[in-house]
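One structure is given below, encoded as structure tokens.
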There are 2 protein chains.
Amino acid sequence: MTAADLIDEPMRPGHGPLYRQVKQRIIRHLIDETWKPGDMLPSEPRLAESFGVSPGTVRRALDELVAENLLVRHQGKGTIVCRHDPERSLFHFFRMVDAAGDRPTPSSRVLACGRRRADRAEAARLGLPAGAPVVVIDRTRSAAGRPLLVERLVLPGRLFGPLAAVAPAELPNTLYTLYEERFGVTVYRAAEQLRAVTADARDAQLLEVATGTPLLEIDRLASNLDGMPVEWRLSRCRTDAYRYRVELV
Amino acid sequence: MTAADLIDEPMRPGHGPLYRQVKQRIIRHLIDETWKPGDMLPSEPRLAESFGVSPGTVRRALDELVAENLLVRHQGKGTIVCRHDPERSLFHFFRMVDAAGDRPTPSSRVLACGRRRADRAEAARLGLPAGAPVVVIDRTRSAAGRPLLVERLVLPGRLFGPLAAVAPAELPNTLYTLYEERFGVTVYRAAEQLRAVTADARDAQLLEVATGTPLLEIDRLASNLDGMPVEWRLSRCRTDAYRYRVELV
DNA sequence: CCGATCGAGTCTTGTATAAGACCTACAGGT
DNA sequence: ACCTGTAGGTCTTATACAAGACTCGATCGG
């Protein structure tokens with residue numbers, strides 16, 4: 001091993017347990033993209049040597065990162081930074097299921113995609129200064145050939161500048177994969193708040209229901225590893241064929 | 001250590017990893033109530049000796065059980081079986097929050113509480129034979145002095161027989177604590193399915209809203225450690241002041 | 001001579017164990 | 001009433017070995 005392989009200086013006597021300091025340092029490397037999604041991390045013994053701790057300590061740190069869905073391990077192969085492959089993204093963040101408990105594979109139709117200045121609510125929600133540029137996408141998503149939801153996405157223009165220029169037909173169904181591959185933005189957490197609303201005229205037309213039909217409104221704020229908001233999404237769903245499913249443990 | 005302290009015979013060479021066999025065996029002891037909620041487990045070295053494995057292996061098994069909210073550890077004191085203290089119960093299973101993200105402390109008013117035979121849907125949902133006895137509770141819950149939701153609970157009569165005799169005023173706000181202390185039934189998991197509905201005349205009167213107001217319907221099936229359903233709960237919530245919150249990680 | 005196949009070697013993560021540090025509670029003396 | 005020693009609990013760290021996966025070369029068959 002040469003000096004160039006040294007990823008980090010050895011740990012200094014810090015505050016908490018050693019393995020937690022190692023964990024925080026690995027997270028820092030994930031944030032500054034020393035290791036990007038899909039990359040393979042150095043092996044556990046190598047990490048241990050570069051951090052100046054024993055392999056078991058590194059292993060403990062990796063254990064927690066795997067439990068938090070930041071890393072994936074494969075015995076005999078290595079450890080890689082978790083990526084938003086479309087199926088996983090759908091499985092994790094899309095919570096609608098049919099009566100049998102199966103997830104649909106929705107298709108999306110983009111209604112509009114453009115760039116403008118954030119209004120008051122959008123700026124506050126995304127933690128941006130008033131009037132900051134944002135990219136706004138309006139679309140509907142269908143499942144089994146019938147409209148399922150209509151939604152508006154608001155993204156910080158600073159991160160997603162070129163997105164407004166992308167042809168609407170180009171936008172894939174699972175956007176989080178696109179965010180990651182084209183803009184280097186990885187969604188790690190999201191907080192959703194749900195309430196019941198009634199369909200207005202536009203909802204009714206797009207979702208093919210009567211005006212006044214009850215809809216499930218999902219207000220999602222997605223953030224990256226830093227905890228910085230990267231997407232605000234407001235969806236209105238029909239819940240006659242599909243329901244929103246949550247597991248409490 | 002005497003022979004009476006031997007909780008179990010030593011592990012025999014089994015199928016999976018050793019720590020997972022230990023975990024399963026501990027779960028079995030939780031199911032057959034060798035250790036009841038609130039009880040303190042034997043110490044890790046003691047468990048290790050009785051299972052015939054090393055302390056580290058027991059520790060690994062306990063780690064997973066703690067992560068699944070079945071046990072709670074306190075350094076220097078010991079490990080206890082998780083209990084449904086009211087605050088935790090509320091924190092975990094009650095997901096409504098106000099605009100600021102704070103949970104209300106709701107109060108409940110029981111409308112009816114009685115025993116009858118399960119109808120077709122109830123029996124199917126609870127995994128009971130058709131016509132099995134069930135206990136049914138109708139109640140409303142309020143927060144900040146205003147009605148929040150109206151709900152119906154259906155419980156297997158075999159487990160909750162004497163519950164129907166309890167005076168409605170006796171029923172506490174957080175029922176899961178009562179289930180545990182009075183009936184030895186501990187709720188570990190719950191699956192919820194949400195959809196939007198409109199208030200019928202009864203909903204409207206009880207919730208003090210207009211008929212047709214959109215409501216959030218929460219269909220919860222709660223089960224114990226065996227995976228056996230122990231409660232079916234159907235709630236209809238106003239979502240003007242409070243929203244249903246979910247964290248996706 | 002060329003190509004496919006099998007297997008040893010080596011790298012990876014997974015599992016089991018042991019030893020010491022740290023934290024808490026309690027009893028007994030000051 | 002307060003302080004302190006001690007016992008017993010969990011927490012942290014370290015090490016050894018097992019199991020899985022890829023590499024690469026020797027070997028056998030065409």
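Letters A, B, ... mark the chains of the structure tokens in the order given; residue numbers begin at 1 per chain; ligand numbers begin at 1, in order shown.
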
Using only C-alpha atoms (C1' of nucleotides), I'd like every residue of chain D that has an atom within 9 Å of chain A; please write them out as a ChimeraX atom specification. /D:12-15,19-22

Could you tell me which residues of chain B sit within 8 Å of chain A when counting only C-alpha atoms, and give me the result as a PyMOL selection string? chain B and resi 68-69+92-93+188-198+214-216+238-240+243-249

Keeping only N, CA, C and O atoms, take the residues you just selected and write them out as an mmCIF file, in the first residue's frame.
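Once written, part-v5.cif looks like this:
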data_model
loop_
_atom_site.group_PDB
_atom_site.id
_atom_site.type_symbol
_atom_site.label_atom_id
_atom_site.label_comp_id
_atom_site.auth_asym_id
_atom_site.auth_seq_id
_atom_site.Cartn_x
_atom_site.Cartn_y
_atom_site.Cartn_z
ATOM 1 N N GLU B 68 -35.711 -4.108 16.013
ATOM 2 C CA GLU B 68 -37.099 -4.373 15.640
ATOM 3 C C GLU B 68 -38.080 -3.931 16.726
ATOM 4 O O GLU B 68 -39.248 -4.323 16.704
ATOM 5 N N ASN B 69 -37.583 -3.180 17.681
ATOM 6 C CA ASN B 69 -38.435 -2.635 18.740
ATOM 7 C C ASN B 69 -39.070 -3.690 19.627
ATOM 8 O O ASN B 69 -40.144 -3.469 20.193
ATOM 9 N N HIS B 92 -45.664 5.884 18.271
ATOM 10 C CA HIS B 92 -45.358 4.914 17.236
ATOM 11 C C HIS B 92 -46.525 4.697 16.282
ATOM 12 O O HIS B 92 -46.334 4.611 15.077
ATOM 13 N N PHE B 93 -47.723 4.584 16.829
ATOM 14 C CA PHE B 93 -48.834 4.141 16.002
ATOM 15 C C PHE B 93 -49.801 5.255 15.620
ATOM 16 O O PHE B 93 -50.650 5.055 14.773
ATOM 17 N N TYR B 188 -47.396 -5.697 18.014
ATOM 18 C CA TYR B 188 -46.029 -5.441 17.578
ATOM 19 C C TYR B 188 -45.970 -4.768 16.218
ATOM 20 O O TYR B 188 -45.156 -3.912 15.965
ATOM 21 N N ARG B 189 -46.822 -5.215 15.318
ATOM 22 C CA ARG B 189 -46.794 -4.633 13.982
ATOM 23 C C ARG B 189 -48.195 -4.206 13.594
ATOM 24 O O ARG B 189 -49.177 -4.704 14.133
ATOM 25 N N ALA B 190 -48.271 -3.311 12.618
ATOM 26 C CA ALA B 190 -49.560 -2.917 12.079
ATOM 27 C C ALA B 190 -49.355 -2.506 10.631
ATOM 28 O O ALA B 190 -48.330 -1.933 10.278
ATOM 29 N N ALA B 191 -50.314 -2.847 9.803
ATOM 30 C CA ALA B 191 -50.286 -2.429 8.402
ATOM 31 C C ALA B 191 -51.485 -1.523 8.183
ATOM 32 O O ALA B 191 -52.610 -1.881 8.534
ATOM 33 N N GLU B 192 -51.226 -0.354 7.615
ATOM 34 C CA GLU B 192 -52.303 0.597 7.381
ATOM 35 C C GLU B 192 -52.468 0.840 5.893
ATOM 36 O O GLU B 192 -51.490 0.912 5.156
ATOM 37 N N GLN B 193 -53.723 0.949 5.469
ATOM 38 C CA GLN B 193 -54.018 1.319 4.087
ATOM 39 C C GLN B 193 -54.920 2.537 4.115
ATOM 40 O O GLN B 193 -55.946 2.541 4.794
ATOM 41 N N LEU B 194 -54.518 3.556 3.350
ATOM 42 C CA LEU B 194 -55.214 4.831 3.402
ATOM 43 C C LEU B 194 -55.925 5.118 2.085
ATOM 44 O O LEU B 194 -55.419 4.798 1.014
ATOM 45 N N ARG B 195 -57.092 5.733 2.207
ATOM 46 C CA ARG B 195 -57.783 6.236 1.020
ATOM 47 C C ARG B 195 -58.628 7.435 1.420
ATOM 48 O O ARG B 195 -58.831 7.696 2.606
ATOM 49 N N ALA B 196 -59.081 8.154 0.417
ATOM 50 C CA ALA B 196 -59.909 9.334 0.664
ATOM 51 C C ALA B 196 -61.366 8.968 0.447
ATOM 52 O O ALA B 196 -61.703 8.300 -0.523
ATOM 53 N N VAL B 197 -62.223 9.391 1.375
ATOM 54 C CA VAL B 197 -63.659 9.114 1.276
ATOM 55 C C VAL B 197 -64.421 10.393 1.586
ATOM 56 O O VAL B 197 -63.833 11.406 1.970
ATOM 57 N N THR B 198 -65.731 10.336 1.444
ATOM 58 C CA THR B 198 -66.546 11.494 1.818
ATOM 59 C C THR B 198 -67.345 11.174 3.079
ATOM 60 O O THR B 198 -67.725 10.022 3.307
ATOM 61 N N PRO B 214 -64.374 15.753 2.494
ATOM 62 C CA PRO B 214 -63.420 14.655 2.295
ATOM 63 C C PRO B 214 -62.764 14.257 3.614
ATOM 64 O O PRO B 214 -62.356 15.109 4.398
ATOM 65 N N LEU B 215 -62.679 12.952 3.845
ATOM 66 C CA LEU B 215 -62.047 12.425 5.049
ATOM 67 C C LEU B 215 -60.962 11.431 4.658
ATOM 68 O O LEU B 215 -61.032 10.798 3.600
ATOM 69 N N LEU B 216 -59.986 11.298 5.524
ATOM 70 C CA LEU B 216 -58.932 10.305 5.322
ATOM 71 C C LEU B 216 -59.331 9.030 6.046
ATOM 72 O O LEU B 216 -59.490 9.031 7.266
ATOM 73 N N ARG B 238 -60.719 13.824 10.003
ATOM 74 C CA ARG B 238 -60.654 15.167 9.434
ATOM 75 C C ARG B 238 -59.181 15.493 9.193
ATOM 76 O O ARG B 238 -58.325 15.181 10.018
ATOM 77 N N THR B 239 -58.890 16.118 8.072
ATOM 78 C CA THR B 239 -57.492 16.485 7.822
ATOM 79 C C THR B 239 -57.360 17.976 7.564
ATOM 80 O O THR B 239 -56.494 18.425 6.822
ATOM 81 N N ASP B 240 -58.250 18.751 8.192
ATOM 82 C CA ASP B 240 -58.109 20.202 8.027
ATOM 83 C C ASP B 240 -57.051 20.764 8.961
ATOM 84 O O ASP B 240 -56.293 21.654 8.589
ATOM 85 N N ARG B 243 -52.531 16.298 9.843
ATOM 86 C CA ARG B 243 -52.236 15.479 8.672
ATOM 87 C C ARG B 243 -51.540 14.203 9.099
ATOM 88 O O ARG B 243 -50.955 14.126 10.171
ATOM 89 N N TYR B 244 -51.600 13.244 8.222
ATOM 90 C CA TYR B 244 -50.973 11.945 8.460
ATOM 91 C C TYR B 244 -49.532 12.028 7.967
ATOM 92 O O TYR B 244 -49.291 12.347 6.799
ATOM 93 N N ARG B 245 -48.596 11.727 8.834
ATOM 94 C CA ARG B 245 -47.191 11.922 8.482
ATOM 95 C C ARG B 245 -46.448 10.596 8.360
ATOM 96 O O ARG B 245 -46.586 9.712 9.206
ATOM 97 N N VAL B 246 -45.638 10.482 7.311
ATOM 98 C CA VAL B 246 -44.834 9.282 7.086
ATOM 99 C C VAL B 246 -43.415 9.713 6.754
ATOM 100 O O VAL B 246 -43.214 10.682 6.025
ATOM 101 N N GLU B 247 -42.453 8.992 7.301
ATOM 102 C CA GLU B 247 -41.047 9.232 6.968
ATOM 103 C C GLU B 247 -40.551 8.080 6.119
ATOM 104 O O GLU B 247 -40.634 6.924 6.530
ATOM 105 N N LEU B 248 -40.028 8.391 4.951
ATOM 106 C CA LEU B 248 -39.449 7.364 4.090
ATOM 107 C C LEU B 248 -37.930 7.503 4.130
ATOM 108 O O LEU B 248 -37.407 8.586 3.906
ATOM 109 N N VAL B 249 -37.242 6.383 4.407
ATOM 110 C CA VAL B 249 -35.776 6.463 4.473
ATOM 111 C C VAL B 249 -35.108 5.540 3.491
ATOM 112 O O VAL B 249 -35.617 5.190 2.523
#

From the DSSP assignment of the backbone, select every residue of stretch 37-138 of chain A that is strand (DSSP E), and format the answer as a list in words.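 Restricting stretch 37-138 of chain A to strand (DSSP E) produces Leu71, Val72, Arg73, His74, Gly78, Thr79, Ile80, Val81, Met96, Val97, Ser107, Ser108, Arg109, Val110, Leu111, Ala112, Cys113, Gly114, Arg115, Arg116, Arg117, Pro133, Val134, Val135, Val136, Ile137 and Asp138 of chain A.
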
Counting only C-alpha atoms (C1' of nucleotides), which residues of chain C sit at most 8 Å from some atom of chain B, and what is each one's closest atom pair with its distance in Å to one decimal, listed by chain and rising residue number, as CSV?
residue,atom,partner,partner_atom,distance
C:DT15,C1',B:Pro17,CA,7.3
C:DA16,C1',B:Thr57,CA,6.8
C:DT17,C1',B:Ser54,CA,6.1
C:DC23,C1',B:Gly76,CA,4.9
C:DT24,C1',B:Gly76,CA,4.6
C:DA25,C1',B:Lys77,CA,7.8

Write the residues of the selection above to a file with N, CA and C atoms (P, O5', C5', C4', C3', O3' and C1' of nucleotides), as a short mmCIF file (atom, residue, chain, number, x, y, z; two decimals), in the first residue's frame.
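This is the output file selection-v1.cif:
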data_model
loop_
_atom_site.label_atom_id
_atom_site.label_comp_id
_atom_site.auth_asym_id
_atom_site.auth_seq_id
_atom_site.Cartn_x
_atom_site.Cartn_y
_atom_site.Cartn_z
P DT C 15 -23.77 -13.61 8.46
"O5'" DT C 15 -22.73 -14.32 9.45
"C5'" DT C 15 -22.36 -15.66 9.18
"C4'" DT C 15 -21.39 -16.15 10.25
"C3'" DT C 15 -21.89 -16.03 11.69
"O3'" DT C 15 -21.95 -17.32 12.24
"C1'" DT C 15 -19.64 -15.27 11.47
P DA C 16 -22.61 -17.54 13.66
"O5'" DA C 16 -21.32 -17.57 14.62
"C5'" DA C 16 -20.36 -18.58 14.43
"C4'" DA C 16 -19.19 -18.34 15.37
"C3'" DA C 16 -19.59 -18.09 16.84
"O3'" DA C 16 -18.99 -19.09 17.65
"C1'" DA C 16 -18.00 -16.49 16.09
P DT C 17 -19.33 -19.08 19.21
"O5'" DT C 17 -18.09 -18.30 19.82
"C5'" DT C 17 -16.77 -18.64 19.40
"C4'" DT C 17 -15.77 -17.64 19.93
"C3'" DT C 17 -15.94 -17.27 21.41
"O3'" DT C 17 -14.87 -17.82 22.15
"C1'" DT C 17 -15.41 -15.38 20.05
P DC C 23 -18.97 6.23 30.62
"O5'" DC C 23 -20.28 5.58 31.24
"C5'" DC C 23 -21.21 4.90 30.40
"C4'" DC C 23 -22.21 4.13 31.25
"C3'" DC C 23 -22.80 4.94 32.41
"O3'" DC C 23 -24.20 4.94 32.28
"C1'" DC C 23 -22.03 2.80 33.16
P DT C 24 -25.10 5.85 33.29
"O5'" DT C 24 -25.64 4.82 34.37
"C5'" DT C 24 -26.31 3.64 33.93
"C4'" DT C 24 -26.62 2.74 35.12
"C3'" DT C 24 -27.20 3.44 36.34
"O3'" DT C 24 -28.51 2.93 36.57
"C1'" DT C 24 -25.45 1.93 36.96
P DA C 25 -29.44 3.52 37.71
"O5'" DA C 25 -29.20 2.48 38.88
"C5'" DA C 25 -29.33 1.09 38.60
"C4'" DA C 25 -28.89 0.27 39.79
"C3'" DA C 25 -29.46 0.72 41.13
"O3'" DA C 25 -29.97 -0.40 41.83
"C1'" DA C 25 -27.10 0.57 41.27
#

Give me the residues near A:Leu178 as a ChimeraX atom specification, where near means some atom within 12 Å (using only C-alpha atoms (C1' of nucleotides)) and where sequence neighbours in that chain fewer than 3 positions away do not count. /A:83-86,89,160,163,166,170-175,181-187

Generate the output file for the selected residues, N, CA, C and O atoms, as a PDB file, in the first residue's frame.
ATOM      1  N   ARG A  83     -27.646   2.814  -5.073  1.00  0.00           N
ATOM      2  CA  ARG A  83     -28.069   3.536  -6.271  1.00  0.00           C
ATOM      3  C   ARG A  83     -29.586   3.439  -6.404  1.00  0.00           C
ATOM      4  O   ARG A  83     -30.211   2.490  -5.969  1.00  0.00           O
ATOM      5  N   HIS A  84     -30.160   4.466  -7.065  1.00  0.00           N
ATOM      6  CA  HIS A  84     -31.602   4.472  -7.285  1.00  0.00           C
ATOM      7  C   HIS A  84     -31.940   3.735  -8.578  1.00  0.00           C
ATOM      8  O   HIS A  84     -32.362   4.348  -9.547  1.00  0.00           O
ATOM      9  N   ASP A  85     -31.742   2.425  -8.600  1.00  0.00           N
ATOM     10  CA  ASP A  85     -32.245   1.713  -9.757  1.00  0.00           C
ATOM     11  C   ASP A  85     -33.768   1.839  -9.729  1.00  0.00           C
ATOM     12  O   ASP A  85     -34.393   1.888  -8.673  1.00  0.00           O
ATOM     13  N   PRO A  86     -34.380   1.890 -10.908  1.00  0.00           N
ATOM     14  CA  PRO A  86     -35.812   2.219 -10.986  1.00  0.00           C
ATOM     15  C   PRO A  86     -36.688   1.351 -10.096  1.00  0.00           C
ATOM     16  O   PRO A  86     -37.589   1.857  -9.431  1.00  0.00           O
ATOM     17  N   SER A  89     -36.281   2.285  -6.443  1.00  0.00           N
ATOM     18  CA  SER A  89     -36.850   3.609  -6.219  1.00  0.00           C
ATOM     19  C   SER A  89     -38.363   3.519  -6.101  1.00  0.00           C
ATOM     20  O   SER A  89     -38.981   4.092  -5.203  1.00  0.00           O
ATOM     21  N   PHE A 160     -31.023  21.833 -10.654  1.00  0.00           N
ATOM     22  CA  PHE A 160     -31.631  21.157 -11.804  1.00  0.00           C
ATOM     23  C   PHE A 160     -31.788  22.099 -13.003  1.00  0.00           C
ATOM     24  O   PHE A 160     -32.733  21.963 -13.766  1.00  0.00           O
ATOM     25  N   LEU A 163     -32.702  20.905 -16.551  1.00  0.00           N
ATOM     26  CA  LEU A 163     -33.828  19.972 -16.659  1.00  0.00           C
ATOM     27  C   LEU A 163     -34.976  20.564 -17.447  1.00  0.00           C
ATOM     28  O   LEU A 163     -35.673  19.859 -18.187  1.00  0.00           O
ATOM     29  N   VAL A 166     -35.061  19.743 -21.084  1.00  0.00           N
ATOM     30  CA  VAL A 166     -35.287  18.364 -21.518  1.00  0.00           C
ATOM     31  C   VAL A 166     -36.688  18.244 -22.107  1.00  0.00           C
ATOM     32  O   VAL A 166     -37.658  18.790 -21.571  1.00  0.00           O
ATOM     33  N   GLU A 170     -38.902  13.004 -22.935  1.00  0.00           N
ATOM     34  CA  GLU A 170     -37.654  12.381 -22.488  1.00  0.00           C
ATOM     35  C   GLU A 170     -37.707  11.972 -21.026  1.00  0.00           C
ATOM     36  O   GLU A 170     -36.958  11.112 -20.576  1.00  0.00           O
ATOM     37  N   LEU A 171     -38.557  12.632 -20.241  1.00  0.00           N
ATOM     38  CA  LEU A 171     -38.548  12.409 -18.803  1.00  0.00           C
ATOM     39  C   LEU A 171     -39.015  10.987 -18.491  1.00  0.00           C
ATOM     40  O   LEU A 171     -40.096  10.576 -18.889  1.00  0.00           O
ATOM     41  N   PRO A 172     -38.209  10.236 -17.779  1.00  0.00           N
ATOM     42  CA  PRO A 172     -38.584   8.855 -17.485  1.00  0.00           C
ATOM     43  C   PRO A 172     -39.648   8.796 -16.404  1.00  0.00           C
ATOM     44  O   PRO A 172     -39.990   9.800 -15.782  1.00  0.00           O
ATOM     45  N   ASN A 173     -40.139   7.614 -16.191  1.00  0.00           N
ATOM     46  CA  ASN A 173     -41.196   7.434 -15.211  1.00  0.00           C
ATOM     47  C   ASN A 173     -40.666   7.612 -13.789  1.00  0.00           C
ATOM     48  O   ASN A 173     -41.267   8.306 -12.985  1.00  0.00           O
ATOM     49  N   THR A 174     -39.534   7.009 -13.508  1.00  0.00           N
ATOM     50  CA  THR A 174     -38.945   7.159 -12.169  1.00  0.00           C
ATOM     51  C   THR A 174     -37.890   8.255 -12.249  1.00  0.00           C
ATOM     52  O   THR A 174     -36.788   8.048 -12.740  1.00  0.00           O
ATOM     53  N   LEU A 175     -38.238   9.412 -11.742  1.00  0.00           N
ATOM     54  CA  LEU A 175     -37.377  10.576 -11.887  1.00  0.00           C
ATOM     55  C   LEU A 175     -36.126  10.502 -11.023  1.00  0.00           C
ATOM     56  O   LEU A 175     -35.104  11.074 -11.374  1.00  0.00           O
ATOM     57  N   GLU A 181     -28.422  10.274 -12.110  1.00  0.00           N
ATOM     58  CA  GLU A 181     -27.499  10.058 -13.219  1.00  0.00           C
ATOM     59  C   GLU A 181     -27.163  11.351 -13.947  1.00  0.00           C
ATOM     60  O   GLU A 181     -26.042  11.530 -14.415  1.00  0.00           O
ATOM     61  N   ARG A 182     -28.130  12.242 -14.066  1.00  0.00           N
ATOM     62  CA  ARG A 182     -27.870  13.439 -14.861  1.00  0.00           C
ATOM     63  C   ARG A 182     -27.452  14.637 -14.020  1.00  0.00           C
ATOM     64  O   ARG A 182     -26.797  15.545 -14.521  1.00  0.00           O
ATOM     65  N   PHE A 183     -27.854  14.677 -12.769  1.00  0.00           N
ATOM     66  CA  PHE A 183     -27.596  15.875 -11.976  1.00  0.00           C
ATOM     67  C   PHE A 183     -26.801  15.604 -10.696  1.00  0.00           C
ATOM     68  O   PHE A 183     -26.521  16.524  -9.946  1.00  0.00           O
ATOM     69  N   GLY A 184     -26.480  14.346 -10.470  1.00  0.00           N
ATOM     70  CA  GLY A 184     -25.703  14.031  -9.281  1.00  0.00           C
ATOM     71  C   GLY A 184     -26.438  14.312  -7.992  1.00  0.00           C
ATOM     72  O   GLY A 184     -25.825  14.524  -6.957  1.00  0.00           O
ATOM     73  N   VAL A 185     -27.760  14.328  -8.057  1.00  0.00           N
ATOM     74  CA  VAL A 185     -28.566  14.565  -6.861  1.00  0.00           C
ATOM     75  C   VAL A 185     -29.197  13.246  -6.438  1.00  0.00           C
ATOM     76  O   VAL A 185     -29.935  12.633  -7.208  1.00  0.00           O
ATOM     77  N   THR A 186     -28.892  12.808  -5.237  1.00  0.00           N
ATOM     78  CA  THR A 186     -29.434  11.545  -4.767  1.00  0.00           C
ATOM     79  C   THR A 186     -30.424  11.787  -3.643  1.00  0.00           C
ATOM     80  O   THR A 186     -30.103  12.436  -2.661  1.00  0.00           O
ATOM     81  N   VAL A 187     -31.627  11.275  -3.814  1.00  0.00           N
ATOM     82  CA  VAL A 187     -32.657  11.409  -2.788  1.00  0.00           C
ATOM     83  C   VAL A 187     -32.486  10.292  -1.767  1.00  0.00           C
ATOM     84  O   VAL A 187     -32.491   9.118  -2.137  1.00  0.00           O
TER      85      VAL A 187
END

Report, in Å with one decimal, the straight-line distance from atom CA of B:Arg202 to atom CA of B:Arg152. 12.8 Å

What is the atom CA of B:Arg25-atom CA of B:Thr79 distance in Å, reported with one decimal? 16.2 Å

Using DSSP assignments from the backbone, pull out every residue in stretch 133-235 of chain B that falls under alpha helix (DSSP H) and give it to me as a PyMOL selection string. chain B and resi 157-160+175-183+201-207

Could you jot down the atom CA of A:Asp63 to atom CA of B:His29 separation for me, Å, one decimal place? 26.8 Å

I'd like to know which of D:DA16, D:DT6, D:DA1, D:DC11 is closest to C:DG28, using only C-alpha atoms (C1' of nucleotides).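 Looking at the shortest contact to C:DG28, the residue is D:DT6.
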
For D:DG8, the nearest of the candidates B:Asp200, B:Pro42, B:Phe91, B:Val72, counting only C-alpha atoms (C1' of nucleotides):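 Smallest distance to D:DG8 is found for B:Pro42.
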
D:DT23: which residues within 10 Å, counting only C-alpha atoms (C1' of nucleotides), same-chain residues fewer than 4 positions away excluded, as an MDAnalysis selection string? chainID C and resid 9:11

Output N, CA and C atoms (P, O5', C5', C4', C3', O3' and C1' of nucleotides) for every residue in the selection just made, as a PDB file, in the first residue's frame.
ATOM      1  P    DG C   9      -2.937 -23.652  -4.494  1.00  0.00           P
ATOM      2  O5'  DG C   9      -3.198 -22.089  -4.665  1.00  0.00           O
ATOM      3  C5'  DG C   9      -2.705 -21.441  -5.849  1.00  0.00           C
ATOM      4  C4'  DG C   9      -3.208 -20.007  -5.880  1.00  0.00           C
ATOM      5  C3'  DG C   9      -3.110 -19.260  -4.537  1.00  0.00           C
ATOM      6  O3'  DG C   9      -2.491 -18.008  -4.773  1.00  0.00           O
ATOM      7  C1'  DG C   9      -5.316 -19.083  -5.413  1.00  0.00           C
ATOM      8  P    DT C  10      -2.024 -17.073  -3.564  1.00  0.00           P
ATOM      9  O5'  DT C  10      -3.037 -15.853  -3.601  1.00  0.00           O
ATOM     10  C5'  DT C  10      -3.459 -15.321  -4.863  1.00  0.00           C
ATOM     11  C4'  DT C  10      -4.684 -14.442  -4.665  1.00  0.00           C
ATOM     12  C3'  DT C  10      -4.709 -13.674  -3.327  1.00  0.00           C
ATOM     13  O3'  DT C  10      -5.129 -12.348  -3.575  1.00  0.00           O
ATOM     14  C1'  DT C  10      -6.717 -14.823  -3.619  1.00  0.00           C
ATOM     15  P    DC C  11      -4.586 -11.151  -2.649  1.00  0.00           P
ATOM     16  O5'  DC C  11      -5.882 -10.240  -2.437  1.00  0.00           O
ATOM     17  C5'  DC C  11      -6.578  -9.719  -3.573  1.00  0.00           C
ATOM     18  C4'  DC C  11      -8.069  -9.851  -3.384  1.00  0.00           C
ATOM     19  C3'  DC C  11      -8.610  -9.201  -2.110  1.00  0.00           C
ATOM     20  O3'  DC C  11      -9.200  -7.934  -2.397  1.00  0.00           O
ATOM     21  C1'  DC C  11      -9.661 -11.294  -2.619  1.00  0.00           C
TER      22       DC C  11
END

Quick one: everything within 12 Å of C:DG3, counting only C-alpha atoms (C1' of nucleotides), minus sequence neighbours fewer than 5 positions away in the same chain. Send it as a PyMOL selection string. chain D and resi 27-30

For B:Val150: contacts at 8 Å, only C-alpha atoms (C1' of nucleotides), fewer than 2 positions along chain excluded, given as an NGL selection string: :B and (138-141 or 148 or 152 or 203 or 206-207 or 235-237)
